[in-house]
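A short worksheet on the structure shown next.
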Protein chains: 2
Amino acid sequence: MTAGSTADHPDPSDERPATPRPKSKKAQAQQRRTRRTARLTYDDWVDGALNLLSREGVAAIKIPRLCQELGVTKGSFYWHFDDIEQLTTAMADRWSATQSETVRELGAFVGIPVEERIEKMAAMLVDRRHWLVETTVREWSRSNPKVAAAVRTLDQEVFETVHRTMLDLGFDEYQAGLRAGAMVYIGLGLIHGRDNLPTPTTAQVHSVIELLARP
Amino acid sequence: MTAGSTADHPDPSDERPATPRPKSKKAQAQQRRTRRTARLTYDDWVDGALNLLSREGVAAIKIPRLCQELGVTKGSFYWHFDDIEQLTTAMADRWSATQSETVRELGAFVGIPVEERIEKMAAMLVDRRHWLVETTVREWSRSNPKVAAAVRTLDQEVFETVHRTMLDLGFDEYQAGLRAGAMVYIGLGLIHGRDNLPTPTTAQVHSVIELLARP
DNA sequence: ACCTGAACACCGTTCAAGT
DNA sequence: ACCTGAACACCGTTCAAGT
């Protein structure tokens with residue numbers, strides 16, 4: 001996947017208006033609630049859409065709904081975007097950037113003692129906050145390739161980190177890959193299956209991790 | 001108009017027309033390709049929809065598309081169904097009945113030696129045929145509560161079977177629940193995550209199961 | 001009993017016209 | 001540069017009218 005040209009006509013310079021907004025304090029203040037006169041920028045649309053997404057879910061990402069939210073007509077939307085897919089792509093890009101926080105958090109794991117790492121991983125798995133976001137985003141990823149790509153990157157990053165930890169614990173390549181894979185797939189299973197089966201307790205998660213991390 | 005109409009009211013006898021079709025060989029032959037004169041039954045619609053689903057995916061379940069497929073107009077659809085949700089519900093019911101095959105297959109596991117059970121479970125996990133169906137149905141379940149319920153039942157049934165196996169292997173209640181949960185969540189993770197991470201080999205799946213099934 | 005045909009609301013998309 | 005307003009295609013739904 002080169003560059004990011006989603007459409008079938010390659011014109012990279014046109015893909016994203018590069019946000020040439022002057023945006024004085026006046027405009028910035030007006031953005032607070034009832035914006036009426038201030039023109040919208042590309043970023044305003046993406047912000048508004050992500051805002052809507054988090055508040056009302058993936059079903060609310062409809063052009064009329066968004067236009068109502070921003071106080072403009074549908075024609076305005078199509079001045080900024082080629083189609084609704086470009087919007088979701090932009091949303092996915094923005095989300096990817098934001099979510100790098102989680103990746104950094106994972107990267108920091110490598111610096112700390114292995115025992116603590118296991119503790120932290122167990123904590124991340126049981127953290128309900130994560131699940132809410134993850135479920136929404138992964139549902140969204142089913143209908144959006146860009147989001148799917150971002151999720152895939154995160155999954156691989158998680159695997160790498162866990163894999164590294166297993167190697168640091170003294171497992172050979174095969175065993176480390178095995179156990180890391182099991183852990184990551186358990187995590188993915190938890191994200192998708194927690195509604196169908198009794199959610200494991202922190203103690204149980206901890207026990208399983210110990211089981212897989214012990215030689 | 002409230003007489004015998006299939007409106008949105010509790011009237012069990014009316015809920016499902018009970019398929020009172022005579023359906024002679026003539027009609028049955030005509031159903032093959034270009035049906036034109038034969039009237040459609042409730043079951044014809046459900047069959048056609050499931051057929052479409054398997055051939056063209058969840059996106060093809062549109063009323064105009066289905067009508068074109070069956071050679072009738074949209075009005076016909078609304079004589080048989082209250083809305084599109086009732087169609088998908090009927091499809092889910094039919095699928096649930098079909099899928100009981102998998103459940104029976106699982107039930108039969110309890111009768112065989114534990115070592116073989118583990119073999120069979122590993123085989124089911126690696127069987128690509130399962131994944132294709134599972135992925136489609138589980139994607140569908142995200143937008144259809146009836147399908148979601150059927151999937152949940154299956155998941156619980158799988159957990160019960162694995163749990164039983166762990167108990168039969170000699171684990172106590174806590175350990176059996178722990179290890180069964182880990183296995184099932186790994187399976188769910190595989191269904192959803194196989195595109196994001198390298199798919200484990202049969203040998204690897206086997207190793208992990210042995211790891212979790214060994215005291 | 002089963003279906004047609006036309007209508008309506010709603011969403012995505014286009015475009016000429018405005019400022 | 002950014003937006004309005006009106007149009008069109010498409011999908012879900014309703015309903016009077018046909019056989």
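Lettering and numbering for the structure tokens are positional, with chains as A, B, ... in the shown order, residues counted from 1 in each chain, and ligands counted from 1 in the shown order.
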
Residues of chain C within 10 Å of chain B: nearest atom pair and distance (Å, one decimal) for each, counting only C-alpha atoms (C1' of nucleotides), sorted by chain and number, as a Markdown table?
| residue | atom | partner | partner_atom | distance |
| --- | --- | --- | --- | --- |
| C:DA1 | C1' | B:Arg39 | CA | 9.2 |
| C:DC2 | C1' | B:Arg39 | CA | 6.4 |
| C:DC3 | C1' | B:Ser76 | CA | 5.5 |
| C:DT4 | C1' | B:Thr73 | CA | 7.1 |
| C:DG5 | C1' | B:Gly75 | CA | 8.7 |

Per residue of chain B within 6 Å of chain A, which atom pair is closest and at what distance in Å (one decimal), using only C-alpha atoms, listed by chain and increasing number, as CSV?
residue,atom,partner,partner_atom,distance
B:Arg152,CA,A:Asn196,CA,4.8
B:Tyr185,CA,A:Gly189,CA,4.4
B:Ile186,CA,A:Ile186,CA,4.5
B:Leu188,CA,A:Gly189,CA,4.5
B:Gly189,CA,A:Gly189,CA,3.8
B:Asn196,CA,A:Arg152,CA,4.8

Got time to write the residues from that selection, N, CA and C atoms, as an mmCIF file, in the first residue's frame?
data_model
loop_
_atom_site.group_PDB
_atom_site.id
_atom_site.type_symbol
_atom_site.label_atom_id
_atom_site.label_comp_id
_atom_site.auth_asym_id
_atom_site.auth_seq_id
_atom_site.Cartn_x
_atom_site.Cartn_y
_atom_site.Cartn_z
ATOM 1 N N ARG B 152 -23.503 -17.131 20.701
ATOM 2 C CA ARG B 152 -23.215 -17.221 22.129
ATOM 3 C C ARG B 152 -23.475 -18.636 22.646
ATOM 4 N N TYR B 185 -10.682 -19.200 24.604
ATOM 5 C CA TYR B 185 -10.340 -17.836 24.210
ATOM 6 C C TYR B 185 -9.269 -17.825 23.124
ATOM 7 N N ILE B 186 -8.378 -18.771 23.167
ATOM 8 C CA ILE B 186 -7.409 -18.888 22.077
ATOM 9 C C ILE B 186 -8.137 -19.174 20.763
ATOM 10 N N LEU B 188 -11.255 -18.395 19.983
ATOM 11 C CA LEU B 188 -11.950 -17.189 19.553
ATOM 12 C C LEU B 188 -10.956 -16.180 18.989
ATOM 13 N N GLY B 189 -9.804 -16.085 19.627
ATOM 14 C CA GLY B 189 -8.773 -15.175 19.136
ATOM 15 C C GLY B 189 -8.312 -15.574 17.746
ATOM 16 N N ASN B 196 -4.393 -10.881 11.293
ATOM 17 C CA ASN B 196 -3.455 -9.894 11.797
ATOM 18 C C ASN B 196 -2.106 -10.498 12.183
#

Correct to one decimal, the distance atom CA of A:Gly170-atom CA of B:Glu115 is 29.3 Å

Item checked: alpha helix (DSSP H) call set, DSSP backbone run, stretch 31-203 of chain B, as number ranges by chain -> B: 42-56, 63-70, 74-80, 84-109, 114-126, 128-141, 145-168, 173-193, 202-203

Q) Between atom C1' of C:DG12 and atom CA of B:Lys62, what is the distance, to one decimal in Å? A)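 According to the coordinates, atom C1' of C:DG12 and atom CA of B:Lys62 are separated by 16.2 Å.
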
Kindly give the distance, in Å, that separates atom CA of B:Ala150 and atom CA of B:Asp93, rounded to a single decimal.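 Computing the Euclidean distance for atom CA of B:Ala150 and atom CA of B:Asp93 yields 8.2 Å.
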
Nearby residues (only C-alpha atoms (C1' of nucleotides)) at most 12 Å from stretch 96-111 of chain A, same-chain spacing under 2 positions excluded, as JSON, numbers by chain: {"A": [50, 89, 90, 91, 92, 93, 94, 113, 114, 115, 116, 117, 118, 119, 120, 121, 124, 130, 133, 134, 137, 141, 146, 147, 148, 149, 150, 151, 152, 153, 154, 155, 156, 157, 158, 159, 160, 161, 162, 163, 164, 165, 166, 167, 168, 169]}

Could you write those residues out with N, CA and C atoms, as a tab-separated table (two decimals), in the first residue's frame?
chain	number	residue	atom	x	y	z
A	50	LEU	N	-15.03	12.03	14.72
A	50	LEU	CA	-14.51	11.18	15.80
A	50	LEU	C	-15.28	11.44	17.09
A	89	THR	N	-11.36	7.09	6.38
A	89	THR	CA	-9.92	6.91	6.27
A	89	THR	C	-9.19	7.94	7.11
A	90	ALA	N	-9.62	9.16	6.98
A	90	ALA	CA	-9.00	10.23	7.76
A	90	ALA	C	-9.19	10.00	9.25
A	91	MET	N	-10.36	9.52	9.62
A	91	MET	CA	-10.62	9.21	11.03
A	91	MET	C	-9.68	8.11	11.50
A	92	ALA	N	-9.51	7.12	10.66
A	92	ALA	CA	-8.63	6.00	11.02
A	92	ALA	C	-7.19	6.49	11.20
A	93	ASP	N	-6.74	7.36	10.29
A	93	ASP	CA	-5.38	7.89	10.40
A	93	ASP	C	-5.19	8.62	11.73
A	94	ARG	N	-6.17	9.46	12.03
A	94	ARG	CA	-6.10	10.22	13.27
A	94	ARG	C	-6.09	9.28	14.48
A	113	PRO	N	11.78	-5.25	34.56
A	113	PRO	CA	11.98	-6.67	34.89
A	113	PRO	C	10.83	-7.54	34.39
A	114	VAL	N	11.16	-8.75	33.99
A	114	VAL	CA	10.18	-9.64	33.39
A	114	VAL	C	8.98	-9.93	34.29
A	115	GLU	N	9.23	-10.08	35.59
A	115	GLU	CA	8.13	-10.38	36.49
A	115	GLU	C	7.10	-9.26	36.47
A	116	GLU	N	7.61	-8.04	36.51
A	116	GLU	CA	6.71	-6.88	36.48
A	116	GLU	C	5.95	-6.81	35.17
A	117	ARG	N	6.64	-7.18	34.08
A	117	ARG	CA	5.99	-7.15	32.77
A	117	ARG	C	4.73	-8.00	32.78
A	118	ILE	N	4.85	-9.19	33.35
A	118	ILE	CA	3.70	-10.08	33.39
A	118	ILE	C	2.56	-9.45	34.18
A	119	GLU	N	2.92	-8.82	35.28
A	119	GLU	CA	1.92	-8.12	36.08
A	119	GLU	C	1.19	-7.09	35.22
A	120	LYS	N	1.97	-6.29	34.52
A	120	LYS	CA	1.39	-5.19	33.73
A	120	LYS	C	0.51	-5.71	32.60
A	121	MET	N	0.95	-6.80	32.00
A	121	MET	CA	0.16	-7.37	30.91
A	121	MET	C	-1.17	-7.88	31.42
A	124	MET	N	-3.41	-4.97	31.92
A	124	MET	CA	-3.96	-4.43	30.67
A	124	MET	C	-5.12	-5.29	30.17
A	130	HIS	N	-9.98	-0.47	28.34
A	130	HIS	CA	-9.45	-0.91	27.06
A	130	HIS	C	-10.52	-1.60	26.22
A	133	VAL	N	-13.09	0.64	24.19
A	133	VAL	CA	-12.51	1.23	23.00
A	133	VAL	C	-12.19	0.16	21.97
A	134	GLU	N	-11.54	-0.89	22.42
A	134	GLU	CA	-11.12	-1.93	21.50
A	134	GLU	C	-12.28	-2.55	20.74
A	137	VAL	N	-13.57	-0.03	18.11
A	137	VAL	CA	-12.63	0.13	17.00
A	137	VAL	C	-12.56	-1.13	16.14
A	141	SER	N	-13.41	-1.72	12.35
A	141	SER	CA	-12.39	-2.24	11.44
A	141	SER	C	-12.97	-3.28	10.47
A	146	LYS	N	-8.83	0.74	6.34
A	146	LYS	CA	-7.80	1.57	6.95
A	146	LYS	C	-7.72	1.32	8.45
A	147	VAL	N	-8.86	1.24	9.07
A	147	VAL	CA	-8.92	0.92	10.49
A	147	VAL	C	-8.38	-0.48	10.73
A	148	ALA	N	-8.75	-1.39	9.83
A	148	ALA	CA	-8.28	-2.77	9.95
A	148	ALA	C	-6.76	-2.82	9.93
A	149	ALA	N	-6.15	-2.03	9.06
A	149	ALA	CA	-4.69	-2.00	8.96
A	149	ALA	C	-4.07	-1.49	10.26
A	150	ALA	N	-4.68	-0.47	10.81
A	150	ALA	CA	-4.17	0.09	12.06
A	150	ALA	C	-4.26	-0.93	13.19
A	151	VAL	N	-5.37	-1.64	13.23
A	151	VAL	CA	-5.56	-2.65	14.27
A	151	VAL	C	-4.54	-3.78	14.09
A	152	ARG	N	-4.31	-4.14	12.84
A	152	ARG	CA	-3.35	-5.20	12.57
A	152	ARG	C	-1.96	-4.80	13.08
A	153	THR	N	-1.57	-3.57	12.81
A	153	THR	CA	-0.28	-3.08	13.28
A	153	THR	C	-0.18	-3.19	14.79
A	154	LEU	N	-1.24	-2.79	15.46
A	154	LEU	CA	-1.23	-2.87	16.92
A	154	LEU	C	-1.09	-4.31	17.39
A	155	ASP	N	-1.86	-5.20	16.78
A	155	ASP	CA	-1.80	-6.61	17.17
A	155	ASP	C	-0.39	-7.17	17.01
A	156	GLN	N	0.26	-6.82	15.91
A	156	GLN	CA	1.60	-7.33	15.67
A	156	GLN	C	2.58	-6.75	16.68
A	157	GLU	N	2.36	-5.49	17.01
A	157	GLU	CA	3.23	-4.85	17.98
A	157	GLU	C	3.09	-5.52	19.35
A	158	VAL	N	1.86	-5.85	19.69
A	158	VAL	CA	1.61	-6.54	20.95
A	158	VAL	C	2.32	-7.90	20.94
A	159	PHE	N	2.17	-8.60	19.84
A	159	PHE	CA	2.82	-9.91	19.75
A	159	PHE	C	4.33	-9.79	19.91
A	160	GLU	N	4.92	-8.84	19.23
A	160	GLU	CA	6.36	-8.64	19.32
A	160	GLU	C	6.81	-8.44	20.76
A	161	THR	N	6.07	-7.60	21.45
A	161	THR	CA	6.42	-7.30	22.84
A	161	THR	C	6.34	-8.54	23.73
A	162	VAL	N	5.26	-9.27	23.59
A	162	VAL	CA	5.09	-10.47	24.40
A	162	VAL	C	6.14	-11.51	24.02
A	163	HIS	N	6.40	-11.60	22.73
A	163	HIS	CA	7.40	-12.54	22.25
A	163	HIS	C	8.77	-12.24	22.87
A	164	ARG	N	9.12	-10.99	22.83
A	164	ARG	CA	10.38	-10.55	23.43
A	164	ARG	C	10.47	-10.93	24.90
A	165	THR	N	9.37	-10.71	25.59
A	165	THR	CA	9.33	-11.05	27.01
A	165	THR	C	9.56	-12.54	27.24
A	166	MET	N	8.95	-13.34	26.41
A	166	MET	CA	9.12	-14.80	26.55
A	166	MET	C	10.57	-15.19	26.29
A	167	LEU	N	11.19	-14.56	25.31
A	167	LEU	CA	12.60	-14.83	25.04
A	167	LEU	C	13.45	-14.41	26.24
A	168	ASP	N	13.12	-13.26	26.81
A	168	ASP	CA	13.86	-12.78	27.97
A	168	ASP	C	13.69	-13.70	29.17
A	169	LEU	N	12.60	-14.42	29.19
A	169	LEU	CA	12.36	-15.35	30.30
A	169	LEU	C	13.17	-16.62	30.13
